[in-house]
$ cat final-v6.cif   # mmCIF, C-alpha atoms
data_run
#
loop_
_atom_site.label_atom_id
_atom_site.label_comp_id
_atom_site.auth_asym_id
_atom_site.auth_seq_id
_atom_site.Cartn_x
_atom_site.Cartn_y
_atom_site.Cartn_z
CA MET A 16 158.11 -74.54 99.32
CA THR A 17 161.54 -74.37 101.00
CA GLU A 18 162.54 -76.89 103.62
CA SER A 19 165.74 -77.65 105.42
CA VAL A 20 167.15 -81.14 105.12
CA LYS A 21 169.84 -83.09 106.89
CA PRO A 22 173.35 -82.86 105.44
CA SER A 23 173.78 -85.35 102.62
CA THR A 24 177.56 -85.49 103.01
CA PRO A 25 178.88 -88.59 104.77
CA GLN A 26 179.42 -88.38 108.53
CA THR A 27 181.76 -90.39 110.73
CA ASN A 28 180.49 -92.07 113.88
CA ALA A 29 182.32 -89.48 115.96
CA GLU A 30 180.70 -86.61 114.08
CA ALA A 31 177.33 -88.23 114.66
CA GLY A 32 178.07 -88.39 118.39
CA ASP A 33 177.72 -92.17 118.52
CA SER A 34 180.55 -94.66 118.48
CA GLU A 35 178.27 -97.72 118.31
CA THR A 36 175.52 -97.08 115.78
CA PRO A 37 176.50 -97.42 112.10
CA VAL A 38 175.98 -94.22 110.15
CA VAL A 39 173.87 -94.57 107.01
CA VAL A 40 175.57 -92.82 104.11
CA MET A 41 172.96 -91.69 101.59
CA ASP A 42 173.86 -91.21 97.96
CA SER A 43 171.58 -89.22 95.73
CA PRO A 44 168.82 -91.36 94.24
CA LEU A 45 169.25 -92.38 90.62
CA ALA A 46 165.66 -92.48 89.38
CA LEU A 47 162.08 -91.51 90.06
CA LEU A 48 159.28 -94.02 89.48
CA ALA A 49 156.21 -91.88 88.77
CA GLU A 50 153.03 -93.90 89.18
CA LEU A 51 150.70 -91.53 87.39
CA THR A 52 147.50 -93.49 87.96
CA HIS A 53 146.12 -96.78 89.24
CA ARG A 54 143.49 -96.78 86.51
CA CYS A 55 143.96 -99.59 83.99
CA PRO A 56 141.80 -101.33 81.37
CA PHE A 57 143.64 -104.58 82.07
CA GLN A 58 142.76 -106.84 84.97
CA CYS A 59 146.10 -108.61 85.12
CA SER A 60 145.89 -111.40 87.63
CA TYR A 61 149.58 -110.90 88.50
CA CYS A 62 149.25 -107.15 89.22
CA SER A 63 151.67 -106.01 91.92
CA ASN A 64 149.76 -102.82 92.72
CA PRO A 65 148.17 -102.55 96.19
CA LEU A 66 144.91 -104.32 96.93
CA GLN A 67 143.31 -100.93 97.53
CA LEU A 68 143.82 -98.74 94.47
CA GLU A 69 143.83 -94.94 94.52
CA ALA A 70 140.81 -93.19 93.02
CA ALA A 71 141.22 -91.18 89.81
CA GLY A 72 139.82 -88.06 91.45
CA GLN A 73 142.68 -88.01 93.97
CA GLU A 74 145.54 -88.22 91.47
CA LEU A 75 148.25 -85.56 91.45
CA ASP A 76 147.66 -82.84 88.89
CA THR A 77 150.01 -81.91 86.06
CA ALA A 78 151.63 -78.97 87.86
CA THR A 79 152.49 -81.08 90.89
CA TRP A 80 154.06 -83.83 88.80
CA CYS A 81 156.13 -81.21 86.96
CA ARG A 82 157.28 -79.75 90.27
CA VAL A 83 158.22 -83.22 91.51
CA MET A 84 160.33 -83.80 88.39
CA ASP A 85 162.09 -80.46 88.90
CA GLU A 86 162.89 -81.43 92.48
CA ALA A 87 164.19 -84.78 91.26
CA VAL A 88 166.66 -83.01 88.98
CA GLU A 89 167.76 -80.73 91.84
CA MET A 90 168.54 -83.85 93.88
CA GLY A 91 170.70 -85.25 91.08
CA MET A 92 168.32 -87.83 89.64
CA HIS A 93 168.84 -88.79 86.01
CA GLN A 94 165.75 -90.80 85.08
CA VAL A 95 161.97 -90.73 85.33
CA HIS A 96 159.89 -93.84 84.67
CA PHE A 97 156.22 -93.13 83.91
CA SER A 98 154.18 -96.04 85.21
CA GLY A 99 150.79 -96.98 86.65
CA GLY A 100 148.26 -98.64 86.40
CA GLU A 101 148.24 -97.69 82.78
CA PRO A 102 150.00 -94.29 82.42
CA THR A 103 148.61 -93.69 78.92
CA LEU A 104 145.21 -93.07 80.52
CA ARG A 105 146.57 -89.73 81.70
CA LYS A 106 145.58 -87.13 79.11
CA ASP A 107 148.52 -84.97 80.20
CA LEU A 108 151.12 -87.69 79.51
CA GLU A 109 152.55 -85.80 76.54
CA GLU A 110 152.92 -82.66 78.66
CA LEU A 111 154.71 -84.64 81.36
CA VAL A 112 157.06 -86.23 78.80
CA GLY A 113 157.84 -82.81 77.37
CA HIS A 114 158.55 -81.40 80.83
CA ALA A 115 160.87 -84.30 81.66
CA THR A 116 162.83 -83.60 78.48
CA LYS A 117 163.16 -79.89 79.29
CA ALA A 118 164.23 -80.75 82.83
CA GLY A 119 166.99 -83.01 81.50
CA LEU A 120 165.56 -86.33 82.65
CA TYR A 121 165.86 -89.55 80.67
CA SER A 122 162.23 -90.66 80.31
CA ASN A 123 160.88 -94.18 80.06
CA LEU A 124 157.26 -95.23 79.52
CA ILE A 125 156.22 -98.48 81.24
CA THR A 126 152.97 -99.58 79.64
CA ALA A 127 150.73 -102.61 79.32
CA GLY A 128 149.46 -101.17 76.04
CA GLY A 129 146.20 -99.40 76.78
CA ALA A 130 143.73 -98.68 74.00
CA LEU A 131 144.32 -94.92 74.31
CA LEU A 132 147.88 -95.32 73.07
CA ASP A 133 147.61 -95.00 69.31
CA GLU A 134 150.23 -94.40 66.64
CA SER A 135 149.86 -90.62 66.69
CA ARG A 136 150.46 -90.48 70.45
CA VAL A 137 153.54 -92.68 70.13
CA GLN A 138 154.93 -90.40 67.40
CA SER A 139 154.07 -87.30 69.44
CA MET A 140 155.86 -88.55 72.56
CA ALA A 141 158.89 -89.54 70.52
CA LYS A 142 159.10 -85.98 69.17
CA LEU A 143 158.70 -84.62 72.70
CA GLY A 144 161.75 -86.57 73.79
CA LEU A 145 160.49 -89.87 75.20
CA GLU A 146 163.59 -92.06 75.12
CA HIS A 147 162.39 -95.59 75.80
CA VAL A 148 159.26 -97.75 76.01
CA GLN A 149 158.83 -100.90 78.08
CA LEU A 150 155.86 -102.95 76.92
CA SER A 151 154.54 -106.03 78.71
CA PHE A 152 153.20 -109.17 77.03
CA ASP A 153 151.18 -111.92 78.71
CA ASP A 154 151.69 -114.71 76.18
CA ILE A 155 152.27 -115.36 72.51
CA ASP A 156 148.95 -117.14 72.13
CA GLU A 157 146.29 -114.43 71.77
CA LYS A 158 143.49 -116.27 73.56
CA ASN A 159 145.62 -117.19 76.56
CA ALA A 160 147.18 -113.72 76.68
CA ASP A 161 143.77 -112.07 76.87
CA TYR A 162 142.67 -114.56 79.51
CA ILE A 163 145.70 -113.82 81.70
CA SER A 164 145.29 -110.04 81.38
CA GLY A 165 141.50 -110.06 81.62
CA TYR A 166 141.28 -107.74 78.61
CA LYS A 167 139.87 -109.04 75.34
CA GLY A 168 141.75 -107.62 72.37
CA GLY A 169 144.67 -106.58 74.54
CA HIS A 170 147.22 -108.78 72.79
CA LYS A 171 146.50 -107.32 69.34
CA THR A 172 146.86 -103.83 70.79
CA LYS A 173 150.26 -104.71 72.25
CA LEU A 174 151.49 -106.01 68.89
CA ASN A 175 150.48 -102.74 67.21
CA ILE A 176 152.16 -100.63 69.88
CA ALA A 177 155.42 -102.55 69.59
CA LYS A 178 155.47 -101.78 65.87
CA TRP A 179 154.64 -98.10 66.40
CA VAL A 180 157.41 -97.71 68.97
CA ARG A 181 160.01 -99.17 66.63
CA ASP A 182 158.67 -97.17 63.66
CA ALA A 183 159.11 -94.02 65.78
CA GLY A 184 162.77 -94.93 66.30
CA MET A 185 162.53 -95.47 70.05
CA PRO A 186 164.32 -98.29 71.89
CA LEU A 187 161.94 -101.03 73.02
CA THR A 188 162.04 -103.41 75.96
CA ILE A 189 159.60 -106.28 75.89
CA ASN A 190 158.63 -107.52 79.32
CA ALA A 191 157.60 -111.18 79.13
CA VAL A 192 155.68 -111.91 82.33
CA CYS A 193 156.28 -115.65 82.76
CA HIS A 194 154.63 -118.28 84.95
CA ARG A 195 153.34 -121.84 84.81
CA GLN A 196 150.58 -120.99 82.30
CA ASN A 197 152.84 -119.55 79.59
CA ILE A 198 156.43 -120.56 80.37
CA HIS A 199 156.28 -123.25 77.67
CA HIS A 200 156.19 -120.36 75.17
CA LEU A 201 159.46 -118.82 76.34
CA GLU A 202 161.25 -119.50 73.05
CA ASP A 203 158.39 -117.73 71.26
CA PHE A 204 158.68 -114.72 73.60
CA ILE A 205 162.37 -114.50 72.68
CA GLN A 206 161.57 -114.70 68.97
CA LEU A 207 158.91 -111.99 69.38
CA ALA A 208 161.53 -109.64 70.80
CA VAL A 209 163.89 -110.42 67.92
CA ASP A 210 161.15 -109.95 65.31
CA PHE A 211 160.29 -106.50 66.64
CA GLY A 212 163.92 -105.44 66.87
CA ALA A 213 163.66 -104.93 70.62
CA ASP A 214 166.84 -103.89 72.37
CA ARG A 215 166.05 -105.79 75.51
CA LEU A 216 163.85 -108.62 76.73
CA GLU A 217 163.01 -108.95 80.39
CA VAL A 218 161.95 -112.49 81.21
CA ALA A 219 160.25 -111.69 84.48
CA GLN A 220 158.77 -114.50 86.51
CA VAL A 221 155.75 -113.27 88.46
CA GLN A 222 156.69 -111.70 91.79
CA TYR A 223 154.09 -112.23 94.50
CA TYR A 224 153.14 -108.83 95.86
CA GLY A 225 149.79 -107.03 95.98
CA TRP A 226 147.12 -108.69 93.88
CA ALA A 227 149.57 -111.24 92.46
CA LEU A 228 149.80 -112.91 95.87
CA LYS A 229 146.10 -113.82 95.58
CA ASN A 230 146.87 -115.76 92.40
CA ARG A 231 150.15 -117.38 93.40
CA ALA A 232 148.79 -120.93 93.11
CA ALA A 233 147.74 -120.22 89.52
CA PHE A 234 151.21 -118.95 88.59
CA ILE A 235 153.95 -120.67 90.57
CA THR A 236 156.20 -122.86 88.42
CA THR A 237 157.73 -126.16 89.41
CA PRO A 238 161.49 -126.26 90.03
CA GLN A 239 161.82 -128.36 86.87
CA GLN A 240 159.98 -125.75 84.77
CA LEU A 241 162.27 -123.09 86.19
CA ASP A 242 165.40 -125.12 85.38
CA GLU A 243 164.19 -125.57 81.79
CA ALA A 244 163.45 -121.83 81.48
CA THR A 245 166.90 -120.98 82.83
CA ALA A 246 168.53 -123.22 80.25
CA THR A 247 166.46 -121.64 77.49
CA VAL A 248 167.49 -118.13 78.55
CA GLU A 249 171.18 -119.02 78.81
CA ALA A 250 171.17 -120.60 75.35
CA ALA A 251 169.40 -117.57 73.87
CA ARG A 252 171.84 -115.16 75.53
CA GLU A 253 174.72 -116.94 73.85
CA ARG A 254 172.94 -117.22 70.50
CA LEU A 255 171.76 -113.58 70.44
CA LYS A 256 174.80 -111.91 71.96
CA GLY A 257 175.10 -108.42 70.47
CA THR A 258 171.53 -108.55 69.15
CA LEU A 259 169.28 -108.78 72.20
CA VAL A 260 169.97 -108.19 75.88
CA ILE A 261 168.00 -110.67 78.01
CA ASP A 262 167.39 -109.95 81.68
CA TYR A 263 166.11 -112.86 83.72
CA VAL A 264 164.20 -112.68 86.99
CA ILE A 265 163.43 -115.98 88.72
CA PRO A 266 160.69 -116.48 91.33
CA ASP A 267 162.14 -115.45 94.69
CA TYR A 268 160.73 -118.58 96.30
CA TYR A 269 163.27 -120.71 94.43
CA ALA A 270 166.26 -118.40 94.82
CA LYS A 271 169.33 -119.14 96.95
CA ARG A 272 170.12 -115.51 97.70
CA PRO A 273 167.71 -112.57 97.72
CA LYS A 274 167.61 -110.05 94.91
CA VAL A 275 168.91 -106.54 95.50
CA CYS A 276 165.40 -105.15 95.70
CA MET A 277 165.26 -101.66 94.12
CA GLY A 278 169.01 -101.38 94.69
CA GLY A 279 168.39 -101.62 98.43
CA TRP A 280 165.65 -100.02 100.53
CA ALA A 281 165.66 -96.25 99.89
CA ARG A 282 169.15 -96.27 98.39
CA ARG A 283 168.75 -95.55 94.66
CA PHE A 284 165.07 -95.05 93.83
CA MET A 285 162.05 -93.03 94.88
CA ASN A 286 158.51 -94.12 94.06
CA ILE A 287 155.66 -91.59 94.04
CA ASN A 288 152.20 -93.15 93.96
CA PRO A 289 149.21 -91.58 92.14
CA VAL A 290 148.11 -89.45 95.10
CA GLY A 291 151.61 -88.25 95.97
CA LEU A 292 152.77 -90.62 98.70
CA ALA A 293 156.52 -91.18 98.52
CA LEU A 294 157.50 -94.84 98.83
CA PRO A 295 160.92 -96.48 99.24
CA CYS A 296 159.79 -99.15 96.77
CA HIS A 297 156.78 -99.93 94.60
CA ALA A 298 155.20 -102.45 96.99
CA ALA A 299 155.98 -100.78 100.32
CA GLU A 300 152.33 -100.05 101.08
CA VAL A 301 151.80 -103.74 101.89
CA ILE A 302 153.66 -103.14 105.19
CA PRO A 303 150.87 -101.81 107.43
CA ASP A 304 152.99 -100.19 110.15
CA LEU A 305 154.71 -97.78 107.79
CA GLU A 306 153.47 -94.22 107.29
CA PHE A 307 154.41 -92.43 104.09
CA ASP A 308 155.02 -88.73 103.58
CA SER A 309 153.41 -86.87 100.70
CA VAL A 310 154.92 -84.62 98.06
CA LYS A 311 151.99 -82.31 98.85
CA ASP A 312 153.53 -81.65 102.27
CA HIS A 313 157.28 -81.95 101.69
CA ASN A 314 159.77 -81.65 98.87
CA LEU A 315 161.59 -84.73 97.60
CA ALA A 316 164.90 -83.90 99.28
CA TRP A 317 163.26 -83.61 102.68
CA ILE A 318 161.48 -86.94 102.20
CA TRP A 319 164.64 -88.68 101.01
CA GLU A 320 166.61 -87.54 104.04
CA ASN A 321 163.97 -87.41 106.79
CA SER A 322 161.01 -89.64 106.06
CA LYS A 323 160.65 -92.33 108.72
CA SER A 324 159.55 -94.92 106.18
CA PHE A 325 162.64 -94.28 104.04
CA ASN A 326 164.93 -94.68 107.03
CA GLU A 327 163.16 -97.71 108.52
CA PHE A 328 165.18 -100.34 106.62
CA ARG A 329 167.94 -98.21 105.13
CA GLY A 330 171.49 -99.41 105.67
CA THR A 331 172.26 -102.41 107.87
CA ALA A 332 171.60 -101.43 111.51
CA TRP A 333 168.01 -102.78 111.40
CA MET A 334 169.08 -106.26 110.27
CA PRO A 335 168.47 -109.40 112.35
CA GLU A 336 170.65 -112.47 112.19
CA PRO A 337 171.72 -114.11 109.95
CA CYS A 338 171.72 -110.91 107.85
CA ARG A 339 173.59 -108.80 110.42
CA SER A 340 176.74 -110.95 110.28
CA CYS A 341 176.46 -111.92 106.59
CA ASP A 342 179.29 -110.88 104.27
CA ARG A 343 176.68 -110.05 101.61
CA LYS A 344 174.71 -107.57 103.71
CA GLU A 345 176.04 -104.59 101.76
CA LEU A 346 175.46 -106.38 98.45
CA ASP A 347 171.81 -107.41 98.73
CA TRP A 348 170.91 -105.10 101.67
CA GLY A 349 168.81 -107.82 103.23
CA GLY A 350 166.65 -108.54 100.21
CA CYS A 351 162.97 -107.61 100.03
CA ARG A 352 161.14 -106.24 103.07
CA CYS A 353 157.73 -106.52 101.42
CA GLN A 354 158.30 -110.19 100.69
CA ALA A 355 159.50 -110.81 104.23
CA PHE A 356 156.26 -109.30 105.52
CA ALA A 357 154.06 -111.17 103.04
CA LEU A 358 155.55 -114.56 103.89
CA THR A 359 156.43 -114.23 107.58
CA GLY A 360 154.23 -111.43 108.91
CA GLU A 361 157.24 -109.35 109.97
CA ALA A 362 159.00 -106.97 107.58
CA ALA A 363 162.27 -107.05 109.53
CA ASN A 364 162.69 -110.81 109.23
CA ALA A 365 165.34 -112.29 106.96
CA ASP A 366 163.99 -112.51 103.41
CA PRO A 367 162.79 -116.10 102.90
CA ALA A 368 164.35 -115.99 99.41
CA CYS A 369 167.74 -116.45 101.10
CA ASP A 370 168.65 -120.04 101.91
CA LEU A 371 170.25 -118.80 105.13
CA SER A 372 166.84 -117.59 106.33
CA PRO A 373 165.11 -119.86 108.86
CA PHE A 374 161.98 -119.51 106.70
CA HIS A 375 163.55 -120.52 103.38
CA GLU A 376 163.01 -124.28 103.36
CA LYS A 377 159.37 -123.96 104.40
CA ILE A 378 158.68 -121.42 101.63
CA PHE A 379 160.49 -123.52 99.00
CA ARG A 380 158.53 -126.65 99.91
CA MET A 381 155.26 -124.74 99.97
CA ALA A 382 155.88 -123.31 96.50
CA ALA A 383 156.99 -126.62 95.00
CA ALA A 384 153.93 -128.41 96.41
CA GLU A 385 151.59 -125.67 95.21
CA ALA A 386 153.05 -125.87 91.71
CA LEU A 387 152.20 -129.58 91.41
CA LYS A 388 148.48 -129.00 91.91
CA PRO A 389 146.16 -128.04 89.02
CA PRO A 390 146.11 -124.24 88.68
CA PRO A 391 142.98 -122.62 90.11
CA GLU A 392 140.98 -120.02 88.19
CA PHE A 393 142.28 -116.48 88.31
CA ILE A 394 140.89 -113.95 90.74
CA TYR A 395 140.43 -110.63 88.93
CA ARG A 396 139.97 -107.24 90.54
CA ARG A 397 136.61 -106.86 88.80
CA MET A 398 134.75 -109.97 89.76
CA GLY A 399 132.10 -111.08 87.31
CA ALA A 400 134.12 -109.87 84.34
CA GLU A 401 133.99 -111.95 81.20
CA PHE A 402 137.45 -113.40 81.92
CA ASN A 403 136.57 -114.58 85.40
CA THR A 404 136.47 -118.16 84.12
CA PRO A 405 138.79 -119.89 81.65
CA TYR A 406 137.93 -120.20 77.96
#

$ encode --input "final-v6.cif" --output "structure tokens"
Amino acid sequence: MTESVKPSTPQTNAEAGDSETPVVVMDSPLALLAELTHRCPFQCSYCSNPLQLEAAGQELDTATWCRVMDEAVEMGMHQVHFSGGEPTLRKDLEELVGHATKAGLYSNLITAGGALLDESRVQSMAKLGLEHVQLSFDDIDEKNADYISGYKGGHKTKLNIAKWVRDAGMPLTINAVCHRQNIHHLEDFIQLAVDFGADRLEVAQVQYYGWALKNRAAFITTPQQLDEATATVEAARERLKGTLVIDYVIPDYYAKRPKVCMGGWARRFMNINPVGLALPCHAAEVIPDLEFDSVKDHNLAWIWENSKSFNEFRGTAWMPEPCRSCDRKELDWGGCRCQAFALTGEAANADPACDLSPFHEKIFRMAAAEALKPPPEFIYRRMGAEFNTPY
């Protein structure tokens, strides 16, 4: 399929025929996030996937995913991140890894550690050129970890997979999903990463999108807990310098400035969901007024340049005050649109994570008050499952 696209070279305002409107200069995207499936054996109560998951029968086939990766390379992308759901449920995962290698893409597997990922598959993907694995953990305590993920036996499986990845010689990132019900084990998470010889530990406080928003009251930490976690991370960074890289993501509700979400809306990343919809970021489907183009109808370059959803919040022209006059507007690009919608009902509002936002103080107080109450039981996607009530 051949389509014409807008010129990707920068234009001046005069060339664009408009002396008032800022011209958005688009660089080539860096990476493709390939959400291969929404299927998952875990019922993680912090899942950021949409409330309505895509059916397995509608997933893109192998040939289409391979074509998408080829188009990504043509656009100048360097990386592909295989994600989900649980991407190891795709029986063609090895074929997709092999194709990424042949296409010249750095490939990364983002997994929760599904039961279908055994040692032979790990070894096979390493031989096919898989270059990195990111594996999430829910706690150090097995019983609590399985309760959080809603998957009995899941923690033991994760421990095995971490060993297999390192035995296969692949770099490993451990993603420690932290919140009020496991943050007291942060030192143990750090030691786990050291024990497995992980290259990187991501201490990621739960971000409240998709299903996770339903469970916010069960997860939100107090400001004091967050301060203690920050001190723990800083001490570990100093102690383990040169041994372990530690990334640290705090809850947006307690931030002073918004994070640079996905490098800015539709600036550095493309996300393709399981049925082929192209998204500017992983959570963009929570914004109901946006319509997303499909890789079944258009090639990636056309979508990157022309898709209305990609251009909706790209650049700075869309920004309200105080973002429009802020000297950081081309650093954080206004923060997170999905969070602005979730907390204010309007995606174009200033991200409440910023303390310059008129919504910030209300959100901070709401979170701090919620964190002082006893945590409610988790709400799982599959109600009535064995982990629907605490142990």

$ resolve_selection --input "final-v6.cif" --expression "the PyMOL selection byres ((chain A and resi 168-182) around 6)" --output "PDB file with C-alpha atoms, keeping the file's coordinate frame"
ATOM      1  CA  GLY A 128     149.460-101.170  76.040  1.00  0.00           C
ATOM      2  CA  GLU A 134     150.230 -94.400  66.640  1.00  0.00           C
ATOM      3  CA  GLU A 157     146.290-114.430  71.770  1.00  0.00           C
ATOM      4  CA  TYR A 166     141.280-107.740  78.610  1.00  0.00           C
ATOM      5  CA  LYS A 167     139.870-109.040  75.340  1.00  0.00           C
ATOM      6  CA  ALA A 183     159.110 -94.020  65.780  1.00  0.00           C
ATOM      7  CA  GLY A 184     162.770 -94.930  66.300  1.00  0.00           C
ATOM      8  CA  MET A 185     162.530 -95.470  70.050  1.00  0.00           C
TER       9      MET A 185
END

$ residues_around --input "final-v6.cif" --residues "segment 258-264 of chain A" --least-positions-apart "5" --cutoff "6 Å" --atoms "only C-alpha atoms" --output "PDB file with C-alpha atoms, in the coordinates of the input"
ATOM      1  CA  ASP A 214     166.840-103.890  72.370  1.00  0.00           C
ATOM      2  CA  ARG A 215     166.050-105.790  75.510  1.00  0.00           C
ATOM      3  CA  LEU A 216     163.850-108.620  76.730  1.00  0.00           C
ATOM      4  CA  GLU A 217     163.010-108.950  80.390  1.00  0.00           C
ATOM      5  CA  VAL A 218     161.950-112.490  81.210  1.00  0.00           C
ATOM      6  CA  ALA A 219     160.250-111.690  84.480  1.00  0.00           C
ATOM      7  CA  GLN A 220     158.770-114.500  86.510  1.00  0.00           C
TER       8      GLN A 220
END

$ resolve_selection --input "final-v6.cif" --expression "the PyMOL selection byres ((chain A and resi 207) around 10)" --output "PyMOL selection string"
chain A and resi 152+155+174+189+191+201-206+208-213+216

$ write_last_selection --input "final-v6.cif" --atoms "C-alpha atoms" --output "PDB file, in the frame of the given file"
ATOM      1  CA  PHE A 152     153.200-109.170  77.030  1.00  0.00           C
ATOM      2  CA  ILE A 155     152.270-115.360  72.510  1.00  0.00           C
ATOM      3  CA  LEU A 174     151.490-106.010  68.890  1.00  0.00           C
ATOM      4  CA  ILE A 189     159.600-106.280  75.890  1.00  0.00           C
ATOM      5  CA  ALA A 191     157.600-111.180  79.130  1.00  0.00           C
ATOM      6  CA  LEU A 201     159.460-118.820  76.340  1.00  0.00           C
ATOM      7  CA  GLU A 202     161.250-119.500  73.050  1.00  0.00           C
ATOM      8  CA  ASP A 203     158.390-117.730  71.260  1.00  0.00           C
ATOM      9  CA  PHE A 204     158.680-114.720  73.600  1.00  0.00           C
ATOM     10  CA  ILE A 205     162.370-114.500  72.680  1.00  0.00           C
ATOM     11  CA  GLN A 206     161.570-114.700  68.970  1.00  0.00           C
ATOM     12  CA  ALA A 208     161.530-109.640  70.800  1.00  0.00           C
ATOM     13  CA  VAL A 209     163.890-110.420  67.920  1.00  0.00           C
ATOM     14  CA  ASP A 210     161.150-109.950  65.310  1.00  0.00           C
ATOM     15  CA  PHE A 211     160.290-106.500  66.640  1.00  0.00           C
ATOM     16  CA  GLY A 212     163.920-105.440  66.870  1.00  0.00           C
ATOM     17  CA  ALA A 213     163.660-104.930  70.620  1.00  0.00           C
ATOM     18  CA  LEU A 216     163.850-108.620  76.730  1.00  0.00           C
TER      19      LEU A 216
END

$ residues_around --input "final-v6.cif" --residues "Pro389 of chain A" --least-positions-apart "6" --cutoff "12 Å" --atoms "all atoms listed in the file" --output "list in words"
Arg195, Gln196, Ala232, Ala233, Phe234, Ile235, Thr236 and Thr237 of chain A

$ atom_distance --input "final-v6.cif" --atom1 "atom CA of Glu320 of chain A" --atom2 "atom CA of Arg283 of chain A"
12.5 Å

$ closest_residue --input "final-v6.cif" --among "A:Trp80, A:Phe328, A:Phe374, A:Phe393" --to "Cys276 of chain A" --atoms "only C-alpha atoms"
A:Phe328

$ atom_distance --input "final-v6.cif" --atom1 "atom CA of Val221 of chain A" --atom2 "atom CA of Gly278 of chain A"
18.9 Å

$ atom_distance --input "final-v6.cif" --atom1 "atom CA of Phe379 of chain A" --atom2 "atom CA of Ala357 of chain A"
14.5 Å
